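Heads up, entry08.txt below (compact mmCIF, C-alpha atoms):
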```txt
# COMPACT_ATOMS: atom_id res chain seq x y z
CA MET A 20 2.64 -25.52 -29.17
CA GLY A 21 -0.65 -24.01 -30.30
CA GLY A 22 0.82 -21.31 -32.49
CA PRO A 23 -0.78 -18.76 -34.77
CA VAL A 24 -1.35 -21.36 -37.50
CA VAL A 25 -3.84 -23.24 -35.33
CA GLY A 26 -5.64 -20.02 -34.36
CA ALA A 27 -5.89 -18.86 -37.96
CA LEU A 28 -7.06 -22.31 -39.06
CA ARG A 29 -9.80 -22.35 -36.45
CA ARG A 30 -11.03 -18.92 -37.52
CA ARG A 31 -11.12 -19.95 -41.18
CA LEU A 32 -12.93 -23.19 -40.35
CA ARG A 33 -15.57 -21.30 -38.35
CA TRP A 34 -16.01 -18.81 -41.19
CA ARG A 35 -16.27 -21.55 -43.84
CA ALA A 36 -18.68 -23.56 -41.70
CA ARG A 37 -20.89 -20.48 -41.32
CA ARG A 38 -20.80 -19.89 -45.08
CA VAL A 39 -21.61 -23.53 -45.89
CA VAL A 40 -24.53 -23.52 -43.46
CA GLY A 41 -25.84 -20.28 -44.98
CA VAL A 42 -25.64 -21.59 -48.56
CA LEU A 43 -27.22 -24.94 -47.67
CA GLY A 44 -29.98 -23.19 -45.76
CA LEU A 45 -30.86 -20.98 -48.74
CA LEU A 46 -30.78 -23.94 -51.10
CA ALA A 47 -33.08 -25.89 -48.77
CA VAL A 48 -35.54 -23.00 -48.74
CA SER A 49 -35.45 -22.75 -52.54
CA VAL A 50 -36.01 -26.48 -52.95
CA GLY A 51 -38.95 -26.32 -50.56
CA LEU A 52 -40.51 -23.40 -52.45
CA LEU A 53 -40.06 -25.07 -55.84
CA ALA A 54 -41.56 -28.33 -54.55
CA TRP A 55 -44.48 -26.43 -53.08
CA GLY A 56 -44.95 -24.59 -56.39
CA ARG A 57 -45.43 -27.90 -58.21
CA MET A 58 -48.33 -28.80 -55.93
CA VAL A 59 -50.38 -25.65 -56.51
CA GLU A 60 -51.76 -23.96 -59.60
CA GLY A 61 -52.33 -20.51 -60.99
CA TYR A 62 -50.88 -17.33 -59.49
CA ASN A 63 -49.55 -19.08 -56.35
CA GLN A 64 -47.59 -21.53 -58.48
CA GLU A 65 -45.92 -18.78 -60.49
CA LEU A 66 -45.15 -16.83 -57.31
CA LEU A 67 -43.58 -19.79 -55.53
CA LEU A 68 -41.56 -20.83 -58.58
CA ASN A 69 -40.22 -17.30 -59.03
CA ILE A 70 -39.31 -16.94 -55.35
CA GLY A 71 -37.70 -20.40 -55.33
CA ALA A 72 -35.61 -19.61 -58.42
CA SER A 73 -34.59 -16.25 -56.96
CA THR A 74 -33.53 -17.93 -53.73
CA VAL A 75 -31.24 -20.26 -55.72
CA ILE A 76 -29.60 -17.19 -57.28
CA VAL A 77 -29.25 -15.58 -53.84
CA ALA A 78 -27.59 -18.73 -52.47
CA PHE A 79 -24.98 -18.82 -55.22
CA SER A 80 -24.45 -15.06 -54.98
CA TYR A 81 -23.90 -15.41 -51.23
CA ALA A 82 -21.37 -18.17 -51.82
CA ILE A 83 -19.43 -15.90 -54.18
CA VAL A 84 -19.84 -12.46 -52.61
CA ASP A 85 -19.59 -13.31 -48.90
CA PRO A 86 -15.89 -14.30 -49.11
CA LEU A 87 -15.13 -10.95 -50.72
CA PHE A 88 -16.86 -9.02 -47.94
CA GLU A 89 -15.19 -11.21 -45.33
CA GLU A 90 -11.76 -10.41 -46.71
CA LEU A 91 -12.58 -6.70 -46.72
CA ARG A 92 -13.80 -6.87 -43.13
CA ARG A 93 -10.72 -8.75 -41.97
CA SER A 94 -8.38 -6.30 -43.66
CA ARG A 95 -10.02 -3.23 -42.12
CA VAL A 96 -7.76 -1.25 -39.78
CA GLU A 97 -8.91 1.62 -37.57
CA GLU A 98 -6.46 4.02 -35.97
CA ARG A 99 -7.02 5.07 -32.37
CA PRO A 100 -5.19 8.29 -31.37
CA ARG A 101 -4.74 7.00 -27.84
CA PHE A 102 -5.23 3.89 -25.74
CA ASP A 103 -8.58 4.12 -23.97
CA ASP A 104 -8.10 2.24 -20.69
CA GLU A 105 -11.79 2.27 -19.74
CA GLU A 106 -12.94 1.00 -23.11
CA PHE A 107 -10.41 -1.81 -23.11
CA SER A 108 -11.45 -2.87 -19.60
CA ARG A 109 -15.06 -2.98 -20.81
CA ASN A 110 -14.00 -5.12 -23.77
CA VAL A 111 -12.15 -7.49 -21.43
CA ALA A 112 -15.18 -7.84 -19.16
CA ALA A 113 -17.39 -8.58 -22.19
CA ALA A 114 -14.97 -11.09 -23.78
CA THR A 115 -16.28 -14.59 -24.45
CA SER A 116 -13.20 -16.65 -25.33
CA THR A 117 -9.76 -15.01 -25.21
CA VAL A 118 -7.90 -12.09 -23.68
CA SER A 119 -4.19 -11.72 -24.48
CA ILE A 120 -1.77 -8.94 -23.58
CA MET A 121 1.83 -8.58 -24.76
CA ASP A 122 3.72 -5.64 -23.31
CA ILE A 123 6.87 -4.57 -21.49
CA GLY A 124 5.14 -3.43 -18.31
CA SER A 125 1.44 -2.68 -18.53
CA HIS A 126 0.10 0.76 -17.62
CA LEU A 127 -3.24 -0.94 -16.92
CA LEU A 128 -1.77 -2.25 -13.67
CA GLU A 129 -0.75 1.20 -12.48
CA GLY A 130 -2.54 4.02 -10.72
CA SER A 131 -6.27 4.54 -10.34
CA GLY A 132 -7.21 2.30 -13.28
CA ARG A 133 -5.65 -0.83 -11.79
CA GLU A 134 -8.67 -1.96 -9.79
CA ARG A 135 -11.00 -1.38 -12.75
CA PHE A 136 -8.80 -3.54 -14.97
CA LEU A 137 -8.46 -6.30 -12.35
CA ARG A 138 -12.24 -6.34 -11.90
CA ALA A 139 -12.60 -6.75 -15.67
CA LEU A 140 -10.12 -9.64 -15.61
CA ARG A 141 -12.03 -11.30 -12.78
CA THR A 142 -15.30 -10.96 -14.71
CA ALA A 143 -13.71 -12.50 -17.80
CA LEU A 144 -12.29 -15.40 -15.79
CA THR A 145 -15.66 -16.00 -14.13
CA ASN A 146 -17.16 -16.22 -17.64
CA GLY A 147 -14.68 -18.93 -18.62
CA VAL A 148 -12.34 -16.74 -20.70
CA LEU A 149 -8.69 -17.76 -21.14
CA VAL A 150 -6.50 -14.81 -20.07
CA ARG A 151 -2.81 -14.70 -21.03
CA LEU A 152 -0.36 -11.92 -20.12
CA LEU A 153 3.16 -11.73 -21.50
CA LEU A 154 5.48 -9.19 -19.84
CA LEU A 155 9.20 -8.48 -20.20
CA ASP A 156 11.73 -9.85 -17.71
CA PRO A 157 12.59 -6.86 -15.46
CA ASP A 158 16.22 -8.04 -15.18
CA SER A 159 16.75 -8.52 -18.93
CA ALA A 160 19.03 -6.48 -21.14
CA ALA A 161 15.96 -5.52 -23.18
CA ALA A 162 14.41 -3.87 -20.11
CA SER A 163 17.56 -1.81 -19.59
CA GLN A 164 17.58 -0.79 -23.24
CA ARG A 165 13.94 0.29 -23.13
CA ALA A 166 14.66 2.30 -19.97
CA GLU A 167 17.28 4.24 -21.92
CA GLU A 168 14.72 4.99 -24.64
CA ILE A 169 11.97 6.38 -22.40
CA ARG A 170 13.81 8.09 -19.56
CA PRO A 171 12.92 9.08 -16.86
CA VAL A 172 10.48 6.12 -16.67
CA ASN A 173 11.97 3.38 -14.46
CA VAL A 174 11.06 0.38 -16.63
CA ARG A 175 12.36 -2.23 -14.21
CA GLU A 176 10.38 -0.71 -11.34
CA VAL A 177 7.21 -0.65 -13.45
CA ILE A 178 7.54 -4.33 -14.44
CA VAL A 179 8.42 -5.49 -10.92
CA ASP A 180 5.37 -3.71 -9.54
CA ASN A 181 3.19 -5.19 -12.31
CA LEU A 182 4.34 -8.70 -11.48
CA ARG A 183 3.77 -8.19 -7.76
CA ARG A 184 0.21 -6.98 -8.41
CA LEU A 185 -0.44 -9.93 -10.70
CA ASN A 186 0.88 -12.39 -8.13
CA GLU A 187 -1.42 -10.88 -5.50
CA PHE A 188 -4.29 -11.17 -7.98
CA VAL A 189 -3.47 -14.83 -8.67
CA GLU A 190 -3.56 -15.59 -4.96
CA SER A 191 -7.12 -14.20 -4.79
CA LEU A 192 -8.43 -16.58 -7.50
CA ASP A 193 -9.97 -20.00 -7.04
CA VAL A 194 -8.37 -23.08 -8.63
CA ALA A 195 -10.45 -23.03 -11.83
CA GLU A 196 -9.80 -19.33 -12.40
CA ARG A 197 -6.06 -19.79 -11.78
CA ASN A 198 -5.94 -22.42 -14.50
CA ARG A 199 -7.42 -19.92 -16.97
CA PHE A 200 -5.18 -17.05 -15.86
CA GLN A 201 -1.64 -17.42 -17.20
CA VAL A 202 1.24 -14.96 -16.84
CA ARG A 203 4.62 -15.50 -18.47
CA ILE A 204 7.82 -13.45 -18.53
CA TYR A 205 9.90 -13.23 -21.69
CA ASP A 206 13.54 -12.30 -22.22
CA ALA A 207 13.86 -10.83 -25.72
CA SER A 208 13.78 -7.51 -27.52
CA PRO A 209 10.15 -6.32 -27.48
CA SER A 210 8.79 -5.66 -30.94
CA VAL A 211 5.07 -5.03 -30.60
CA HIS A 212 2.49 -4.00 -28.01
CA MET A 213 -0.77 -6.05 -28.20
CA PHE A 214 -4.03 -5.96 -26.27
CA ARG A 215 -6.48 -8.57 -27.56
CA TRP A 216 -10.06 -9.42 -26.71
CA ASP A 217 -11.70 -12.27 -28.65
CA GLU A 218 -11.15 -11.61 -32.40
CA LYS A 219 -9.99 -8.00 -32.17
CA ALA A 220 -6.87 -6.33 -30.81
CA LEU A 221 -5.20 -2.97 -30.28
CA ILE A 222 -1.59 -3.00 -31.41
CA SER A 223 1.25 -0.52 -31.46
CA PHE A 224 5.01 -0.49 -31.77
CA PHE A 225 7.43 0.96 -29.25
CA PRO A 226 8.19 4.63 -29.99
CA ILE A 227 11.30 6.37 -28.76
CA GLY A 228 10.82 8.90 -26.00
CA VAL A 229 7.34 7.87 -24.78
CA ARG A 230 5.64 4.76 -23.49
CA ALA A 231 3.74 2.72 -26.05
CA SER A 232 0.48 3.31 -24.17
CA ALA A 233 0.75 7.02 -25.07
CA ALA A 234 1.21 6.33 -28.79
CA PRO A 235 -1.56 5.82 -31.40
CA HIS A 236 -2.87 2.26 -31.72
CA LEU A 237 -4.32 0.26 -34.57
CA GLU A 238 -7.51 -1.71 -33.97
CA VAL A 239 -7.37 -4.85 -36.12
CA PHE A 240 -9.10 -8.17 -36.57
CA MET A 241 -6.95 -11.11 -35.53
CA GLY A 242 -7.85 -12.81 -38.82
CA SER A 243 -6.21 -10.01 -40.83
CA PRO A 244 -2.61 -10.34 -42.08
CA LEU A 245 -1.46 -7.81 -39.49
CA GLY A 246 -3.40 -9.58 -36.73
CA GLU A 247 -1.94 -12.94 -37.70
CA PHE A 248 1.56 -11.43 -37.72
CA VAL A 249 1.14 -10.07 -34.18
CA GLU A 250 -0.37 -13.35 -33.01
CA SER A 251 2.63 -15.22 -34.41
CA ARG A 252 4.97 -12.95 -32.45
CA PHE A 253 2.95 -13.50 -29.27
CA ASP A 254 3.05 -17.28 -29.66
CA GLU A 255 6.72 -17.26 -30.56
CA LEU A 256 7.56 -15.47 -27.31
CA TRP A 257 5.00 -17.38 -25.23
CA TRP A 258 6.53 -20.76 -26.10
CA HIS A 259 10.18 -19.72 -26.30
CA PRO A 260 12.45 -21.82 -24.02
CA SER A 261 13.69 -18.69 -22.22
CA THR A 262 10.15 -17.57 -21.34
CA ARG A 263 9.11 -18.62 -17.84
CA PRO A 264 5.87 -18.65 -15.85
CA LEU A 265 5.17 -16.13 -13.13
CA GLU A 266 5.62 -18.71 -10.36
CA GLU A 267 9.27 -19.20 -11.36
CA TYR A 268 9.82 -15.47 -10.95
CA ILE A 269 8.15 -15.51 -7.53
CA CYS A 270 9.44 -18.70 -5.88
CA LEU A 271 12.62 -20.73 -5.92
CA PRO A 272 12.35 -24.41 -4.80
CA VAL A 273 15.33 -25.22 -2.56
CA THR A 274 16.74 -28.35 -0.91
CA LEU A 275 18.94 -27.70 2.12
CA ARG A 276 21.63 -30.25 3.09
CA HIS A 277 24.21 -30.72 5.81
CA ASP A 278 26.93 -33.33 5.22
CA GLY A 279 24.80 -34.81 2.45
CA VAL A 280 21.72 -35.18 4.65
CA VAL A 281 18.56 -33.36 3.55
CA LEU A 282 17.41 -31.01 6.29
CA ARG A 283 14.57 -29.26 4.51
CA SER A 284 12.93 -28.81 1.10
CA CYS A 285 10.88 -25.67 0.61
CA VAL A 286 10.27 -22.69 -1.66
CA MET A 287 11.92 -19.37 -0.99
CA HIS A 288 11.61 -15.80 -2.14
CA PHE A 289 14.63 -14.45 -3.98
CA VAL A 290 15.95 -11.31 -5.67
CA VAL A 291 18.66 -10.43 -8.17
CA THR A 292 21.34 -7.98 -7.08
CA ALA A 293 24.34 -6.48 -8.82
CA GLY A 294 26.52 -9.13 -7.18
CA GLY A 295 24.32 -12.16 -7.83
CA TRP A 296 21.34 -13.75 -6.09
CA CYS A 297 19.96 -13.38 -2.58
CA ILE A 298 17.30 -15.48 -0.88
CA ASP A 299 14.99 -14.89 2.05
CA GLY A 300 16.22 -17.46 4.58
CA SER A 301 13.33 -17.11 7.03
CA PRO A 302 11.85 -20.55 6.08
CA ILE A 303 15.12 -22.20 7.20
CA VAL A 304 15.74 -20.18 10.36
CA ASP A 305 15.77 -23.34 12.52
CA GLN A 306 18.52 -24.93 10.41
CA LEU A 307 20.48 -21.67 10.40
CA THR A 308 20.25 -21.52 14.18
CA ASP A 309 21.50 -25.12 14.52
CA PHE A 310 24.34 -25.06 11.97
CA GLY A 311 25.03 -21.50 10.80
CA THR A 312 25.49 -20.72 7.12
CA GLY A 313 28.94 -22.22 6.54
CA PRO A 314 28.24 -25.97 6.74
CA LEU A 315 24.96 -25.80 4.83
CA GLU A 316 24.65 -26.69 1.15
CA VAL A 317 21.85 -25.46 -1.09
CA GLU A 318 20.58 -27.26 -4.19
CA LEU A 319 18.14 -25.43 -6.46
CA SER A 320 15.47 -26.93 -8.69
CA ARG A 321 16.83 -25.04 -11.71
CA PRO A 322 20.20 -23.51 -12.56
CA LEU A 323 20.92 -19.87 -11.83
CA ALA A 324 23.55 -17.83 -13.65
CA VAL A 325 25.95 -15.78 -11.52
CA ASN A 326 28.71 -13.71 -13.15
CA GLY A 327 29.08 -16.08 -16.07
CA TRP A 328 28.78 -19.21 -13.92
CA SER A 329 25.62 -21.33 -14.03
CA GLY A 330 24.67 -24.15 -11.68
CA THR A 331 22.31 -25.52 -9.05
CA ARG A 332 24.64 -26.00 -6.04
CA PHE A 333 25.44 -23.11 -3.75
CA ARG A 334 26.69 -22.20 -0.31
CA LEU A 335 25.20 -19.48 1.86
CA ALA A 336 26.84 -16.28 3.05
CA ARG A 337 25.61 -13.29 4.95
CA VAL A 338 24.86 -9.97 3.29
CA ASP A 339 27.51 -7.73 4.83
CA GLY A 340 26.97 -4.14 5.85
CA ASP A 341 23.89 -2.19 6.85
CA ALA A 342 23.80 -0.28 3.55
CA GLU A 343 23.98 -3.45 1.45
CA ARG A 344 21.34 -5.19 3.56
CA ALA A 345 19.08 -2.15 3.18
CA ARG A 346 19.44 -2.35 -0.60
CA VAL A 347 18.64 -6.06 -0.61
CA PHE A 348 15.60 -5.58 1.64
CA ALA A 349 14.38 -2.79 -0.65
CA LEU A 350 14.51 -5.24 -3.58
CA PHE A 351 12.48 -7.76 -1.58
CA ASP A 352 9.93 -5.07 -0.68
CA ALA A 353 9.56 -4.02 -4.32
CA LYS A 354 9.11 -7.60 -5.51
CA TYR A 355 6.93 -9.02 -2.72
CA GLY A 356 5.45 -6.03 -0.91
CA PRO A 357 6.24 -4.50 2.48
CA ARG A 358 7.54 -6.93 5.10
CA ARG A 359 5.86 -7.60 8.43
CA LEU A 360 6.99 -9.18 11.67
CA ILE A 361 4.41 -11.98 11.62
CA GLY A 362 2.42 -13.90 9.04
CA PRO A 363 3.05 -13.91 5.27
CA GLY A 364 5.79 -11.47 4.36
CA ARG A 365 7.22 -11.68 7.87
CA ALA A 366 10.68 -10.29 8.76
CA ARG A 367 13.22 -11.51 6.22
CA LEU A 368 16.68 -13.06 6.53
CA ALA A 369 18.86 -11.91 3.66
CA LEU A 370 21.37 -14.55 2.50
CA ARG A 371 23.64 -14.49 -0.51
CA LEU A 372 24.02 -17.54 -2.76
CA ILE A 373 27.70 -18.37 -3.36
CA PRO A 374 28.22 -20.46 -6.52
CA GLY A 375 29.85 -23.86 -6.64
CA GLY A 376 30.17 -24.43 -2.93
CA GLY A 377 32.85 -21.75 -2.47
CA LEU A 378 33.03 -20.27 1.01
CA VAL A 379 33.22 -16.60 1.83
CA GLY A 380 34.99 -15.12 4.84
CA GLY A 381 32.69 -14.54 7.78
CA SER A 382 30.15 -17.18 6.66
CA ASN A 383 31.27 -20.08 8.82
CA GLY A 384 30.01 -19.38 12.31
CA GLY A 385 26.97 -20.73 14.01
CA GLY A 386 24.06 -19.49 16.11
CA ALA A 387 24.11 -15.74 16.58
CA GLU A 388 27.30 -15.49 14.49
CA SER A 389 25.84 -17.49 11.62
CA GLY A 390 26.22 -14.78 9.01
CA VAL A 391 22.53 -14.03 8.60
CA GLY A 392 21.41 -10.55 7.58
CA SER A 393 18.05 -9.96 9.25
CA ASP A 394 15.60 -7.11 8.80
CA SER A 395 13.57 -7.88 11.91
CA SER A 396 14.87 -4.82 13.71
CA ALA A 397 13.95 -2.55 10.81
CA ALA A 398 10.64 -4.06 9.82
```
Translate this structure into structure tokens?
Amino acid sequence: MGGPVVGALRRRLRWRARRVVGVLGLLAVSVGLLAWGRMVEGYNQELLLNIGASTVIVAFSYAIVDPLFEELRRSRVEERPRFDDEEFSRNVAAATSTVSIMDIGSHLLEGSGRERFLRALRTALTNGVLVRLLLLDPDSAAASQRAEEIRPVNVREVIVDNLRRLNEFVESLDVAERNRFQVRIYDASPSVHMFRWDEKALISFFPIGVRASAAPHLEVFMGSPLGEFVESRFDELWWHPSTRPLEEYICLPVTLRHDGVVLRSCVMHFVVTAGGWCIDGSPIVDQLTDFGTGPLEVELSRPLAVNGWSGTRFRLARVDGDAERARVFALFDAKYGPRRLIGPGRARLALRLIPGGGLVGGSNGGGAESGVGSDSSAA
């Protein structure tokens, strides 16, 4: 865990190193002038000795006064009446080391400014900048609470769309850029809104009635007490055990078995519904055709919680009813983008995960009666 302590320590070490180099440089100049003054006579000697002695005084004054000015600079806070999207995108594109964002769902990934912001991110990544985004889990209780505070904004819809855009952006990056671009999803009560570039950041808290992006922001140095506090909150959420990477939100690794024999291991798309979890069964359509849903067993790479039950072993059941299937397909569309009949995002097969191996009526058949809800006719 890096943590805010390491970041603050690095900043202080850089500042102290700069100060030490400055003092030693001035002392070296003064020593050189005094030594030169001893080798000459007359007016030049007096001039060199006076300048050398003055330089010694300047060096010690710098050593004493510079820390005071540094503390004043670090403590300076400027209030911005609004969040300037264009200016922040320019700051991101010009960043040299770090870009960090902590938000619920970012307005920068919405509307006409989205492409400008993504271009700025791509420029930063090309320049070797580490980019980290921390967004709220759209299915968390905190997201529901925030939605109540800023109605009529659909907070879950905003976050889901953000994450879809970010996933599409990740897929457009090369391997090196992907390693520097990190997105994580946290499940906690949001406390602060942070947009950082290098050693400065815009921060705000979450007002009632409006989105944080519409509220005034404070521009602070990350080395200030306020900056270090916000950085500590970012790192606390970033490394919390409940926080997960974007890829866990997008894909679910699955092992499919029949009578204990592994038929297929693959990753699947999935969504959360009011009744539990649904997967897109199109990667296992061959196995569904051969065996139907009833005899198949599903083992997940990580436990999922369903109505108070948590585990990794499930059975499959169809999603019953046209209306329910339409709702499930709409969730898939929102999370992964519009479906197509061929290629990536092809027609989906909506299957419900039934916890603990329990069977549901109507899920036992095979072939055409296998209990699969397909959207191929509606795609």
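Using all atoms listed in the file, the protein and nucleic acid residues lying no more than 12 Å from Arg141 (chain A), apart from those fewer than 5 places from it along its own chain, are Ser108, Arg109, Val111, Ala112, Ala113, Ala114, Val118, Glu134, Arg135, Phe136, Asn146, Gly147, Val148, Leu149, Val150, Leu185, Phe188, Val189, Ser191, Leu192, Asp193, Ala195, Glu196, Arg197, Arg199 and Phe200 of chain A.
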Place a sphere of radius 10 Å on (-9.8, 0.7, -36.3) in the file coordinates and name every protein, DNA or RNA residue with an atom inside or on its surface, counting only C-alpha atoms; give the answer as a tab-separated table (two decimals) with C-alpha atoms, keeping the file's coordinate frame.
```
chain	number	residue	atom	x	y	z
A	95	ARG	CA	-10.02	-3.23	-42.12
A	96	VAL	CA	-7.76	-1.25	-39.78
A	97	GLU	CA	-8.91	1.62	-37.57
A	98	GLU	CA	-6.46	4.02	-35.97
A	99	ARG	CA	-7.02	5.07	-32.37
A	219	LYS	CA	-9.99	-8.00	-32.17
A	220	ALA	CA	-6.87	-6.33	-30.81
A	221	LEU	CA	-5.20	-2.97	-30.28
A	236	HIS	CA	-2.87	2.26	-31.72
A	237	LEU	CA	-4.32	0.26	-34.57
A	238	GLU	CA	-7.51	-1.71	-33.97
A	239	VAL	CA	-7.37	-4.85	-36.12
A	240	PHE	CA	-9.10	-8.17	-36.57
```
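Here CA of Ser251 (chain A) is placed at a distance of 18.3 Å from CA of Ser116 (chain A).
Distances to Arg344 (chain A) were evaluated for A:Arg183, A:Arg175, A:Arg367, A:Arg276 using all atoms listed in the file, and the minimum falls at A:Arg367.
Atom pair CA of Ala293 (chain A) / CA of Arg346 (chain A): separated by 10.4 Å.
CA of Ala143 (chain A) to CA of Gly246 (chain A) spans 21.8 Å [interatomic distance, one decimal].
In terms of minimum interatomic distance to Gln164 (chain A), A:Ala207 ranks closest within A:Ala207, A:Val317, A:Val179, A:Val194, counting all atoms listed in the file.
Residue nearest Glu167 (chain A) within the list A:Asp299, A:Leu128, A:Arg230, A:Glu106: A:Arg230 [criterion: smallest interatomic distance, only C-alpha atoms].
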